[in-house]
Every structure is written in structure tokens, then in C-alpha cells.
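The next block holds one structure in the form of C-alpha cells; read it before the comments.
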Amino acid sequence: MAQPGAGREPVPAPRWGWGPGGPPASAPADQAADQADAPAGPLPGPGQQVSFAAHIKPLFRERDRHSMSFAFDLWSADDVRGHAADILKRLQDGSMPCNGAWPAARIEVFQRWTETGMQP
Ligand code: HEM
């Protein structure tokens, strides 16, 4: 007895694409989220003194501060100084922020701040 479908031409799988217009632009919310992820302002140059107000505080997003308010205030120089070693460890092992590790350049600035007297 013949196999079901035997003798019939295989039907090619439908090809799907974005069409001539290409993929849709990312949604405004995604763009806003991406923006929120970028630190406000340039990172300090190699020989530049790192200060909390100018260089470290801007690295912490509003959502970071909110998420961590149960433990400390990421916008307070005193609080960050008090937890600097643990914060640096978490940044270096990539466990925080938990929705996406910082790029190395940002971690390096935080580390440099901790090694140069944690200036206000
Ligand atoms: C001493 C260092 C830190 C410790 C012990 C710590 C611990 C935690 C814990 C227990 C949570 C809640 C549950 C979890 O998601 O695991 C959390 C959430 C979070 N932390 Fe930290 N954290 C530290 C530093 C940081 C830093 C430096 C940032 C930002 C640069 C950060 C950003 C966040 C965010 C964004 C969330 C919320 C994630 C979500 O939306 O669920 N944390 N952290």
C-alpha cells in the first residue's frame, strides 16, 4: 500500500522576510530604554581626576537607584563610598546591574574613583 503523499512534489517552505522596506524601526520605548542605559555625559580621560558628582553619579540610572534603594542610595557619595568594594565586585563579575553588565570602560572609571580617594 502506497505511503500517504507518496508521488506528490514536496511543497517548498514559504520564505518570509521584512519586504523591501526592511525591518521596522525599534519602538520609541526601546529607544528610550536604550537611552536610559547610556551614562549621561562623557567618561573622564585617562589622566583626569574622577569625581563622584561629575563622573560616578551619572553612571547610575534612576532605575538602578530605585532598585537598590532597599540597600543604599546610589546617588549618595557617602553611601557609595561605604559600599564601594562590594559595588565594584558586583560590577566586575557582571552580576549588577542585573539587567545588563556595564562595559569595561565604565567599570574602569568606577575602579579608578575607588583608587584615587573617592573624591566627592
Ligand atoms: C553591593 C552591591 C550590590 C548588591 C549586593 C546588589 C543586590 C541586589 C539584589 C539582591 C537585587 C534584587 C534581586 C535581584 O534581582 O537579584 C538587586 C536588584 C537590582 N540591582 Fe543590585 N546590587 C548591588 C549593586 C548594584 C549596582 C551597582 C547596580 C547598578 C549599577 C544595581 C542595579 C540593580 C538593578 C537595576 C536591580 C533590579 C533588577 C530588576 O529590575 O529586577 N545593583 N540588586
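Residues in the C-alpha cells are numbered from 1 in each chain, the chains being A, B, ... in the order shown, and ligands are numbered from 1 in the order shown.
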Using only C-alpha atoms and all ligand atoms, which residues of the polymer chains come no farther than 12 Å from ligand 1? I'd like the answer as a CSV table (one decimal) with C-alpha atoms, in the first residue's frame.
chain,number,residue,atom,x,y,z
A,36,ALA,CA,18.4,55.4,29.8
A,37,ASP,CA,21.1,52.7,29.7
A,38,ALA,CA,23.8,55.1,28.4
A,39,PRO,CA,25.6,57.2,31.1
A,56,ILE,CA,30.2,58.4,39.1
A,57,LYS,CA,26.7,59.5,39.9
A,58,PRO,CA,25.7,59.9,36.2
A,59,LEU,CA,26.7,56.2,35.7
A,60,PHE,CA,23.8,55.1,37.9
A,61,ARG,CA,20.4,55.2,36.2
A,62,GLU,CA,17.3,56.3,38.0
A,63,ARG,CA,16.1,52.6,37.9
A,64,ASP,CA,19.4,51.5,39.4
A,65,ARG,CA,18.9,53.9,42.3
A,66,HIS,CA,15.3,52.9,42.7
A,67,SER,CA,16.1,49.2,42.6
A,68,MET,CA,18.9,49.4,45.1
A,69,SER,CA,17.2,51.8,47.5
A,70,PHE,CA,16.5,48.9,49.8
A,71,ALA,CA,20.2,48.7,50.5
A,72,PHE,CA,21.8,52.1,49.7
A,73,ASP,CA,21.4,55.3,47.7
A,74,LEU,CA,23.5,55.0,44.5
A,75,TRP,CA,23.2,58.8,44.1
A,79,ASP,CA,26.6,55.6,50.6
A,80,VAL,CA,28.6,54.5,47.5
A,81,ARG,CA,31.8,55.1,49.4
A,82,GLY,CA,30.6,52.9,52.2
A,83,HIS,CA,29.8,50.0,49.8
A,84,ALA,CA,32.4,50.8,47.1
A,85,ALA,CA,34.3,47.4,47.4
A,86,ASP,CA,31.1,45.3,47.1
A,87,ILE,CA,29.7,47.5,44.3
A,88,LEU,CA,33.0,47.2,42.4
A,89,LYS,CA,33.0,43.4,42.9
A,90,ARG,CA,29.4,43.2,41.5
A,91,LEU,CA,30.2,45.4,38.6
A,92,GLN,CA,33.3,43.4,37.7
A,93,ASP,CA,31.6,40.0,37.9
A,94,GLY,CA,28.7,41.4,35.9
A,95,SER,CA,26.0,40.4,38.5
A,96,MET,CA,24.9,44.0,38.8
A,97,PRO,CA,23.2,45.8,37.3
A,98,CYS,CA,21.2,42.6,36.9
A,99,ASN,CA,19.6,43.6,33.6
A,100,GLY,CA,22.9,44.0,31.8
A,101,ALA,CA,26.6,44.3,32.8
A,102,TRP,CA,28.4,47.6,32.4
A,103,PRO,CA,31.0,48.0,29.6
A,106,ARG,CA,32.6,52.3,32.8
A,107,ILE,CA,33.8,49.8,35.4
A,110,PHE,CA,34.4,53.4,39.0
A,111,GLN,CA,37.5,51.4,40.0
Query - Å distance separating atom CA of Glu115 of chain A from atom CA of Gly41 of chain A, one decimal place - result: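 Between atom CA of Glu115 of chain A and atom CA of Gly41 of chain A the gap works out to 21.4 Å.
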Query raised in the report: Which residue gives the smallest distance to Trp113 of chain A among A:Pro46, A:Val11, A:Ser51, A:Ser76, with only C-alpha atoms counted?
Result: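 For Trp113 of chain A, the nearest of the given residues is A:Ser51.
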